[in-house]
Amino acid sequence: MFQVSSDEQLMLVKESARNFAVNYIKPYVMEWDQAQTFPIDVFKKLGEHGFMGIVVPEQYGGSGLSYQEYITILDEISKVCGSIGLSVAAHNSLCTNHILSFANEEQKQRYLPKLASGEWIGAWGLTEPGSGSDAGGMNTTAVVDGDYFVLNGDKTFITHAISGDVAVVMARTGEKGDKKGISAFIIEKGTPAFTAGAKMDKLGMRASETGSLFFDNCRIHKDQLIGEIGDGFVQALKLLDGGRISIAALSLGIARGAYECALKYANEREQFNSKIFDFQAVGFTLADMATKIEASELLIRKAGLLKDQGKKVTREGAMAKLFASETAVEVSNEGVQILGGYGFTKDFPAEKYFRDAKLCTIGEGTSSIQRMVIAREIKKDVE
């Protein structure tokens with residue numbers, strides 16, 4: 001459980017993240033986007049600033065910060081570049097946090113310091129070509145062979161699949177559909193018969209590397225199992241509850257960036273001898289954008305507070321992720337519209353916010369999955 005952050009501490013973290021984004025990310029955003037460059041050197045520097053092990057305790061080399069500060073960091077970074085924000089979120093919330101939350105002490109001591117420092121970049125493998133939202137239907141198997149597990153199968157849409165130094169991977173150790181039939185493993189890059197596929201060519205989030213992982217009779221020692229056999233599915237669900245807060249914070253940053261771009265343009269662009277901000281249609285649209293961004297942040301902050309208090313966040317995390325991600329899509333779409341023809345060019349960042357935002361309604365559970373989770377949770381109120 002974390003301590004509640006003071007306003008002063010949050011402001012210091014906010015300033016630090018903002019300065020990093022302006023100095024080390026902003027000058028290269030479009031260069032990375034167009035070339036689909038995953039800037040590993042920037043992630044090493046993020047580690048030096050404590051942004052690769054944000055909630056990892058200091059005893060493991062992390063920053064030991066709360067979810068409130070984590071939200072603030074993702075917000076500031078994603079406002080400048082959603083791709084970098086996505087990779088920071090995936091590294092912290094998925095691979096690193098899976099090890100922090102469920103690994104044994106020896107595994108934590110071995111992996112967390114390298115992940116928290118940015119020396120190693122983490123990946124997390126759940127999704128497969130034939131099982132996205134239906135994680136229980138995965139085909140990747142892990143069969144016991146003495147002191148080893150033999151893995152066969154593949155994972156897709158994996159952030160850092162190629163550049164990741166270590167991956168937490170879920171594989172089936174039981175029957176399909178059995179919640180106790182999936183286990184989680186830590187697998188290091190370079191392990192024989194463990195390979196990565198080509199980088200995917202994506203609509204948005206192009207500087208955040210995405211690819212596939214392949215296992216062809218890949219043998220890993222039983223010491224690489226996280227928890228007990230059959231714990232993996234439950235671990236993943238618990239992890240995604242908190243992970244959705246990070247995607248919500250990523251969405252918040254993208255929405256804020258798109259809004260600020262549109263607001264600035266509207267206050268500078270003149271038509272018919274007036275700033276277009278003064279046209280009611282534009283002013284009202286910006287008012288709606290600002291209101292939904294504010295509402296998104298309140299939902300996210302509430303979920304983060306509960307997470308810091310060690311409370312269940314299934315409902316709150318899903319609500320925050322659903323509302324913030326759909327707000328990001330709506331705000332970025334309106335941002336392009338306000339800029340008109342310029343919004344359709346790469347001379348302004350509006351089009352990039354528009355392309356990046358859509359992933360937020362898909363990753364770590366689609367909007368339909370969030371609604372399903374929320375419906376399931378609110379039904380408990382009347383049972």
# chains A, B, ... in the order shown; residues from 1 in each chain; ligands from 1
$ select_by_dssp --residues "region 169-296 of chain A" --states "alpha helix (DSSP H)" --output "VMD selection string"
chain A and resid 232 to 268 280 to 296
$ residues_around --residues "Val336 (chain A)" --least-positions-apart "3" --cutoff "10 Å" --atoms "only C-alpha atoms" --output "number ranges by chain"
A: 258-259, 261-262, 331-333, 339-345, 348-354
$ write_last_selection --atoms "N, CA, C and O atoms" --output "PDB file, in the first residue's frame"
ATOM      1  N   ALA A 258      -4.345  16.803 -27.689  1.00  0.00           N
ATOM      2  CA  ALA A 258      -5.201  17.156 -28.826  1.00  0.00           C
ATOM      3  C   ALA A 258      -6.017  18.406 -28.529  1.00  0.00           C
ATOM      4  O   ALA A 258      -6.188  19.284 -29.396  1.00  0.00           O
ATOM      5  N   TYR A 259      -6.507  18.502 -27.308  1.00  0.00           N
ATOM      6  CA  TYR A 259      -7.296  19.668 -26.903  1.00  0.00           C
ATOM      7  C   TYR A 259      -6.447  20.938 -26.913  1.00  0.00           C
ATOM      8  O   TYR A 259      -6.870  21.981 -27.446  1.00  0.00           O
ATOM      9  N   CYS A 261      -3.764  21.571 -28.569  1.00  0.00           N
ATOM     10  CA  CYS A 261      -3.440  21.911 -29.949  1.00  0.00           C
ATOM     11  C   CYS A 261      -4.613  22.652 -30.602  1.00  0.00           C
ATOM     12  O   CYS A 261      -4.424  23.696 -31.250  1.00  0.00           O
ATOM     13  N   ALA A 262      -5.822  22.141 -30.413  1.00  0.00           N
ATOM     14  CA  ALA A 262      -7.009  22.760 -31.003  1.00  0.00           C
ATOM     15  C   ALA A 262      -7.307  24.117 -30.370  1.00  0.00           C
ATOM     16  O   ALA A 262      -7.694  25.073 -31.066  1.00  0.00           O
ATOM     17  N   VAL A 331     -12.153  13.590 -28.612  1.00  0.00           N
ATOM     18  CA  VAL A 331     -11.448  14.875 -28.552  1.00  0.00           C
ATOM     19  C   VAL A 331     -10.454  15.019 -29.704  1.00  0.00           C
ATOM     20  O   VAL A 331     -10.351  16.082 -30.324  1.00  0.00           O
ATOM     21  N   SER A 332      -9.724  13.958 -30.005  1.00  0.00           N
ATOM     22  CA  SER A 332      -8.758  14.038 -31.094  1.00  0.00           C
ATOM     23  C   SER A 332      -9.453  14.191 -32.448  1.00  0.00           C
ATOM     24  O   SER A 332      -8.956  14.878 -33.343  1.00  0.00           O
ATOM     25  N   ASN A 333     -10.621  13.572 -32.594  1.00  0.00           N
ATOM     26  CA  ASN A 333     -11.406  13.729 -33.821  1.00  0.00           C
ATOM     27  C   ASN A 333     -11.885  15.171 -33.977  1.00  0.00           C
ATOM     28  O   ASN A 333     -11.759  15.774 -35.052  1.00  0.00           O
ATOM     29  N   LEU A 339      -9.086  22.205 -36.727  1.00  0.00           N
ATOM     30  CA  LEU A 339      -7.965  22.662 -37.543  1.00  0.00           C
ATOM     31  C   LEU A 339      -8.283  22.612 -39.035  1.00  0.00           C
ATOM     32  O   LEU A 339      -7.529  23.140 -39.856  1.00  0.00           O
ATOM     33  N   GLY A 340      -9.373  21.952 -39.392  1.00  0.00           N
ATOM     34  CA  GLY A 340      -9.771  21.885 -40.784  1.00  0.00           C
ATOM     35  C   GLY A 340      -8.730  21.181 -41.635  1.00  0.00           C
ATOM     36  O   GLY A 340      -8.209  20.137 -41.268  1.00  0.00           O
ATOM     37  N   GLY A 341      -8.404  21.762 -42.781  1.00  0.00           N
ATOM     38  CA  GLY A 341      -7.433  21.154 -43.686  1.00  0.00           C
ATOM     39  C   GLY A 341      -6.074  20.958 -43.038  1.00  0.00           C
ATOM     40  O   GLY A 341      -5.396  19.957 -43.303  1.00  0.00           O
ATOM     41  N   TYR A 342      -5.683  21.885 -42.168  1.00  0.00           N
ATOM     42  CA  TYR A 342      -4.393  21.746 -41.487  1.00  0.00           C
ATOM     43  C   TYR A 342      -4.382  20.539 -40.550  1.00  0.00           C
ATOM     44  O   TYR A 342      -3.347  19.938 -40.306  1.00  0.00           O
ATOM     45  N   GLY A 343      -5.538  20.188 -40.038  1.00  0.00           N
ATOM     46  CA  GLY A 343      -5.626  19.036 -39.158  1.00  0.00           C
ATOM     47  C   GLY A 343      -5.387  17.725 -39.872  1.00  0.00           C
ATOM     48  O   GLY A 343      -5.112  16.704 -39.239  1.00  0.00           O
ATOM     49  N   PHE A 344      -5.468  17.782 -41.197  1.00  0.00           N
ATOM     50  CA  PHE A 344      -5.281  16.586 -42.006  1.00  0.00           C
ATOM     51  C   PHE A 344      -3.849  16.469 -42.524  1.00  0.00           C
ATOM     52  O   PHE A 344      -3.526  15.573 -43.296  1.00  0.00           O
ATOM     53  N   THR A 345      -2.996  17.400 -42.102  1.00  0.00           N
ATOM     54  CA  THR A 345      -1.595  17.388 -42.519  1.00  0.00           C
ATOM     55  C   THR A 345      -0.696  17.071 -41.331  1.00  0.00           C
ATOM     56  O   THR A 345      -1.104  17.168 -40.165  1.00  0.00           O
ATOM     57  N   PHE A 348       0.859  19.832 -38.284  1.00  0.00           N
ATOM     58  CA  PHE A 348       0.333  20.015 -36.931  1.00  0.00           C
ATOM     59  C   PHE A 348       0.192  18.637 -36.274  1.00  0.00           C
ATOM     60  O   PHE A 348      -0.021  17.632 -36.960  1.00  0.00           O
ATOM     61  N   PRO A 349       0.277  18.581 -34.937  1.00  0.00           N
ATOM     62  CA  PRO A 349       0.207  17.272 -34.261  1.00  0.00           C
ATOM     63  C   PRO A 349      -1.193  16.688 -34.157  1.00  0.00           C
ATOM     64  O   PRO A 349      -1.352  15.565 -33.682  1.00  0.00           O
ATOM     65  N   ALA A 350      -2.211  17.415 -34.613  1.00  0.00           N
ATOM     66  CA  ALA A 350      -3.597  16.953 -34.453  1.00  0.00           C
ATOM     67  C   ALA A 350      -3.808  15.586 -35.078  1.00  0.00           C
ATOM     68  O   ALA A 350      -4.486  14.721 -34.500  1.00  0.00           O
ATOM     69  N   GLU A 351      -3.250  15.358 -36.270  1.00  0.00           N
ATOM     70  CA  GLU A 351      -3.489  14.081 -36.951  1.00  0.00           C
ATOM     71  C   GLU A 351      -2.839  12.914 -36.222  1.00  0.00           C
ATOM     72  O   GLU A 351      -3.358  11.797 -36.244  1.00  0.00           O
ATOM     73  N   LYS A 352      -1.724  13.157 -35.554  1.00  0.00           N
ATOM     74  CA  LYS A 352      -1.065  12.087 -34.809  1.00  0.00           C
ATOM     75  C   LYS A 352      -1.863  11.719 -33.554  1.00  0.00           C
ATOM     76  O   LYS A 352      -2.015  10.541 -33.222  1.00  0.00           O
ATOM     77  N   TYR A 353      -2.372  12.721 -32.855  1.00  0.00           N
ATOM     78  CA  TYR A 353      -3.234  12.420 -31.709  1.00  0.00           C
ATOM     79  C   TYR A 353      -4.431  11.579 -32.163  1.00  0.00           C
ATOM     80  O   TYR A 353      -4.835  10.632 -31.473  1.00  0.00           O
ATOM     81  N   PHE A 354      -4.974  11.933 -33.323  1.00  0.00           N
ATOM     82  CA  PHE A 354      -6.124  11.211 -33.878  1.00  0.00           C
ATOM     83  C   PHE A 354      -5.777   9.747 -34.151  1.00  0.00           C
ATOM     84  O   PHE A 354      -6.541   8.840 -33.813  1.00  0.00           O
TER      85      PHE A 354
END
$ closest_atom_pairs --of "region 243-294 of chain A" --to "region 89-113 of chain A" --cutoff "10 Å" --atoms "only C-alpha atoms" --output "JSON lines"
{"residue": "A:Gly243", "atom": "CA", "partner": "A:Ser93", "partner_atom": "CA", "distance": 5.3}
{"residue": "A:Arg244", "atom": "CA", "partner": "A:Ser93", "partner_atom": "CA", "distance": 8.9}
{"residue": "A:Ile245", "atom": "CA", "partner": "A:Ser93", "partner_atom": "CA", "distance": 9.1}
{"residue": "A:Ser246", "atom": "CA", "partner": "A:Ala89", "partner_atom": "CA", "distance": 5.9}
{"residue": "A:Ile247", "atom": "CA", "partner": "A:Ala89", "partner_atom": "CA", "distance": 7.1}
{"residue": "A:Ala249", "atom": "CA", "partner": "A:Ala89", "partner_atom": "CA", "distance": 9.0}
{"residue": "A:Leu250", "atom": "CA", "partner": "A:Ala89", "partner_atom": "CA", "distance": 7.7}
$ atom_distance --atom1 "CA of Gly137 (chain A)" --atom2 "CA of Gly174 (chain A)"
11.1 Å
$ residues_around --residues "Val22 (chain A)" --least-positions-apart "2" --cutoff "12 Å" --atoms "only C-alpha atoms" --output "JSON, numbers by chain"
{"A": [15, 16, 17, 18, 19, 20, 24, 25, 26, 27, 28, 29, 76, 77, 78, 79, 80, 81]}
$ atom_distance --atom1 "CA of Val144 (chain A)" --atom2 "CA of Thr210 (chain A)"
29.6 Å
$ atom_distance --atom1 "CA of Lys179 (chain A)" --atom2 "CA of Asp241 (chain A)"
16.7 Å
$ select_by_dssp --residues "region 104-282 of chain A" --states "strand (DSSP E or B)" --output "number ranges by chain"
A: 122-125, 128, 131, 141-145, 148-159, 166-172, 182-188, 194-196, 210-221, 225-226, 270-271, 274-275
$ write_last_selection --atoms "C-alpha atoms" --output "JSON list (two decimals), in the first residue's frame"
[["chain", "number", "residue", "atom", "x", "y", "z"],
["A", 122, "GLY", "CA", 9.95, -5.71, -20.44],
["A", 123, "ALA", "CA", 7.31, -7.40, -22.58],
["A", 124, "TRP", "CA", 4.09, -9.19, -21.57],
["A", 125, "GLY", "CA", 2.50, -11.97, -23.59],
["A", 128, "GLU", "CA", -2.67, -14.74, -29.42],
["A", 131, "SER", "CA", -7.52, -15.52, -28.65],
["A", 141, "THR", "CA", 1.02, -24.71, -24.15],
["A", 142, "ALA", "CA", 3.58, -25.41, -21.44],
["A", 143, "VAL", "CA", 4.13, -29.11, -20.81],
["A", 144, "VAL", "CA", 6.08, -30.39, -17.80],
["A", 145, "ASP", "CA", 9.25, -32.33, -18.64],
["A", 148, "TYR", "CA", 11.51, -27.97, -17.18],
["A", 149, "PHE", "CA", 8.48, -26.71, -19.05],
["A", 150, "VAL", "CA", 8.37, -27.04, -22.83],
["A", 151, "LEU", "CA", 6.51, -24.16, -24.50],
["A", 152, "ASN", "CA", 4.93, -24.24, -27.94],
["A", 153, "GLY", "CA", 2.79, -21.58, -29.58],
["A", 154, "ASP", "CA", 2.85, -17.89, -30.39],
["A", 155, "LYS", "CA", 1.73, -14.52, -29.08],
["A", 156, "THR", "CA", 0.75, -11.45, -31.08],
["A", 157, "PHE", "CA", 0.30, -7.70, -30.57],
["A", 158, "ILE", "CA", 3.09, -7.78, -28.00],
["A", 159, "THR", "CA", 4.63, -4.46, -27.03],
["A", 166, "VAL", "CA", 12.59, -10.27, -20.69],
["A", 167, "ALA", "CA", 8.95, -11.26, -21.13],
["A", 168, "VAL", "CA", 6.25, -12.50, -18.81],
["A", 169, "VAL", "CA", 4.26, -15.01, -20.86],
["A", 170, "MET", "CA", 1.03, -16.88, -20.17],
["A", 171, "ALA", "CA", 0.72, -20.45, -21.44],
["A", 172, "ARG", "CA", -1.84, -23.20, -21.03],
["A", 182, "ILE", "CA", -3.05, -21.13, -17.41],
["A", 183, "SER", "CA", 0.36, -20.39, -15.87],
["A", 184, "ALA", "CA", 2.75, -17.44, -16.10],
["A", 185, "PHE", "CA", 6.46, -17.68, -16.88],
["A", 186, "ILE", "CA", 9.45, -15.32, -17.01],
["A", 187, "ILE", "CA", 11.45, -15.85, -20.20],
["A", 188, "GLU", "CA", 14.68, -14.03, -21.02],
["A", 194, "PHE", "CA", 12.22, -18.30, -28.17],
["A", 195, "THR", "CA", 12.08, -15.81, -31.06],
["A", 196, "ALA", "CA", 10.34, -12.63, -32.17],
["A", 210, "THR", "CA", 4.67, -4.18, -31.53],
["A", 211, "GLY", "CA", 5.36, -7.70, -32.78],
["A", 212, "SER", "CA", 4.90, -11.42, -32.20],
["A", 213, "LEU", "CA", 6.61, -13.99, -29.98],
["A", 214, "PHE", "CA", 7.18, -17.61, -31.01],
["A", 215, "PHE", "CA", 7.93, -20.73, -28.97],
["A", 216, "ASP", "CA", 9.11, -23.88, -30.72],
["A", 217, "ASN", "CA", 9.84, -26.53, -28.08],
["A", 218, "CYS", "CA", 11.24, -23.78, -25.88],
["A", 219, "ARG", "CA", 12.56, -25.27, -22.63],
["A", 220, "ILE", "CA", 12.51, -23.13, -19.50],
["A", 221, "HIS", "CA", 13.38, -24.22, -15.97],
["A", 225, "LEU", "CA", 7.28, -20.14, -13.18],
["A", 226, "ILE", "CA", 5.55, -17.22, -11.44],
["A", 270, "GLU", "CA", -8.96, 34.23, -37.93],
["A", 271, "GLN", "CA", -11.89, 33.93, -40.30],
["A", 274, "SER", "CA", -12.81, 37.01, -35.86],
["A", 275, "LYS", "CA", -10.87, 34.35, -34.00]]
$ closest_atom_pairs --of "region 283-335 of chain A" --to "region 43-60 of chain A" --cutoff "12 Å" --atoms "only C-alpha atoms" --output "JSON lines"
{"residue": "A:Gly304", "atom": "CA", "partner": "A:Val55", "partner_atom": "CA", "distance": 11.9}
{"residue": "A:Lys307", "atom": "CA", "partner": "A:Val55", "partner_atom": "CA", "distance": 11.3}
{"residue": "A:Asp308", "atom": "CA", "partner": "A:Val55", "partner_atom": "CA", "distance": 10.0}
$ write_last_selection --atoms "C-alpha atoms" --output "PDB file, in the first residue's frame"
ATOM      1  CA  GLY A 304      -5.707   5.424  -8.629  1.00  0.00           C
ATOM      2  CA  LYS A 307      -5.358   1.252  -5.990  1.00  0.00           C
ATOM      3  CA  ASP A 308      -3.004   3.072  -3.637  1.00  0.00           C
TER       4      ASP A 308
END
$ closest_residue --among "A:Val373, A:Ala357, A:Val42, A:Leu65" --to "Leu240 (chain A)" --atoms "only C-alpha atoms"
A:Val373
$ residues_around --residues "Glu294 (chain A)" --least-positions-apart "3" --cutoff "12 Å" --atoms "only C-alpha atoms" --output "JSON, numbers by chain"
{"A": [252, 253, 255, 256, 259, 287, 288, 289, 290, 291, 297, 298, 299, 300, 301, 320, 323, 324, 327, 328]}
$ write_last_selection --atoms "N, CA, C and O atoms" --output "mmCIF file, in the first residue's frame"
data_model
loop_
_atom_site.group_PDB
_atom_site.id
_atom_site.type_symbol
_atom_site.label_atom_id
_atom_site.label_comp_id
_atom_site.auth_asym_id
_atom_site.auth_seq_id
_atom_site.Cartn_x
_atom_site.Cartn_y
_atom_site.Cartn_z
ATOM 1 N N LEU A 252 -5.820 10.022 -21.293
ATOM 2 C CA LEU A 252 -5.955 11.386 -20.770
ATOM 3 C C LEU A 252 -4.905 12.301 -21.383
ATOM 4 O O LEU A 252 -5.213 13.423 -21.804
ATOM 5 N N GLY A 253 -3.663 11.822 -21.425
ATOM 6 C CA GLY A 253 -2.594 12.638 -21.982
ATOM 7 C C GLY A 253 -2.817 12.938 -23.456
ATOM 8 O O GLY A 253 -2.605 14.075 -23.907
ATOM 9 N N ALA A 255 -5.694 12.965 -25.078
ATOM 10 C CA ALA A 255 -6.826 13.894 -25.182
ATOM 11 C C ALA A 255 -6.400 15.308 -24.822
ATOM 12 O O ALA A 255 -6.786 16.284 -25.495
ATOM 13 N N ARG A 256 -5.594 15.438 -23.791
ATOM 14 C CA ARG A 256 -5.152 16.765 -23.364
ATOM 15 C C ARG A 256 -4.282 17.421 -24.445
ATOM 16 O O ARG A 256 -4.393 18.614 -24.718
ATOM 17 N N TYR A 259 -6.507 18.502 -27.308
ATOM 18 C CA TYR A 259 -7.296 19.668 -26.903
ATOM 19 C C TYR A 259 -6.447 20.938 -26.913
ATOM 20 O O TYR A 259 -6.870 21.981 -27.446
ATOM 21 N N ALA A 287 -15.486 23.550 -25.261
ATOM 22 C CA ALA A 287 -16.041 23.434 -23.908
ATOM 23 C C ALA A 287 -16.360 21.987 -23.572
ATOM 24 O O ALA A 287 -16.072 21.503 -22.465
ATOM 25 N N ASP A 288 -16.952 21.282 -24.528
ATOM 26 C CA ASP A 288 -17.251 19.861 -24.329
ATOM 27 C C ASP A 288 -15.967 19.049 -24.179
ATOM 28 O O ASP A 288 -15.897 18.137 -23.344
ATOM 29 N N MET A 289 -14.979 19.373 -24.981
ATOM 30 C CA MET A 289 -13.700 18.668 -24.898
ATOM 31 C C MET A 289 -13.080 18.839 -23.516
ATOM 32 O O MET A 289 -12.646 17.870 -22.884
ATOM 33 N N ALA A 290 -13.038 20.079 -23.045
ATOM 34 C CA ALA A 290 -12.448 20.372 -21.739
ATOM 35 C C ALA A 290 -13.198 19.664 -20.616
ATOM 36 O O ALA A 290 -12.589 19.144 -19.669
ATOM 37 N N THR A 291 -14.522 19.643 -20.720
ATOM 38 C CA THR A 291 -15.345 19.013 -19.683
ATOM 39 C C THR A 291 -15.097 17.512 -19.609
ATOM 40 O O THR A 291 -14.948 16.928 -18.519
ATOM 41 N N GLU A 297 -10.191 12.663 -15.934
ATOM 42 C CA GLU A 297 -9.164 12.703 -14.887
ATOM 43 C C GLU A 297 -9.743 12.364 -13.521
ATOM 44 O O GLU A 297 -9.106 11.666 -12.719
ATOM 45 N N LEU A 298 -10.948 12.829 -13.238
ATOM 46 C CA LEU A 298 -11.564 12.522 -11.945
ATOM 47 C C LEU A 298 -11.795 11.016 -11.787
ATOM 48 O O LEU A 298 -11.547 10.448 -10.716
ATOM 49 N N LEU A 299 -12.271 10.360 -12.834
ATOM 50 C CA LEU A 299 -12.453 8.906 -12.793
ATOM 51 C C LEU A 299 -11.124 8.192 -12.587
ATOM 52 O O LEU A 299 -11.022 7.242 -11.810
ATOM 53 N N ILE A 300 -10.110 8.670 -13.293
ATOM 54 C CA ILE A 300 -8.785 8.035 -13.196
ATOM 55 C C ILE A 300 -8.191 8.240 -11.813
ATOM 56 O O ILE A 300 -7.630 7.304 -11.213
ATOM 57 N N ARG A 301 -8.296 9.444 -11.296
ATOM 58 C CA ARG A 301 -7.736 9.734 -9.965
ATOM 59 C C ARG A 301 -8.438 8.908 -8.885
ATOM 60 O O ARG A 301 -7.800 8.435 -7.935
ATOM 61 N N ALA A 320 -12.852 4.068 -15.736
ATOM 62 C CA ALA A 320 -11.865 5.083 -16.111
ATOM 63 C C ALA A 320 -11.321 4.821 -17.504
ATOM 64 O O ALA A 320 -11.198 5.732 -18.328
ATOM 65 N N PHE A 323 -14.191 5.432 -20.270
ATOM 66 C CA PHE A 323 -14.552 6.830 -20.502
ATOM 67 C C PHE A 323 -13.379 7.620 -21.060
ATOM 68 O O PHE A 323 -13.529 8.391 -22.020
ATOM 69 N N ALA A 324 -12.190 7.424 -20.491
ATOM 70 C CA ALA A 324 -11.030 8.203 -20.925
ATOM 71 C C ALA A 324 -10.606 7.843 -22.344
ATOM 72 O O ALA A 324 -10.240 8.713 -23.137
ATOM 73 N N THR A 327 -13.095 9.228 -24.737
ATOM 74 C CA THR A 327 -12.903 10.680 -24.754
ATOM 75 C C THR A 327 -11.711 11.064 -25.626
ATOM 76 O O THR A 327 -11.758 12.024 -26.391
ATOM 77 N N ALA A 328 -10.632 10.289 -25.524
ATOM 78 C CA ALA A 328 -9.446 10.568 -26.336
ATOM 79 C C ALA A 328 -9.776 10.496 -27.819
ATOM 80 O O ALA A 328 -9.332 11.338 -28.619
#
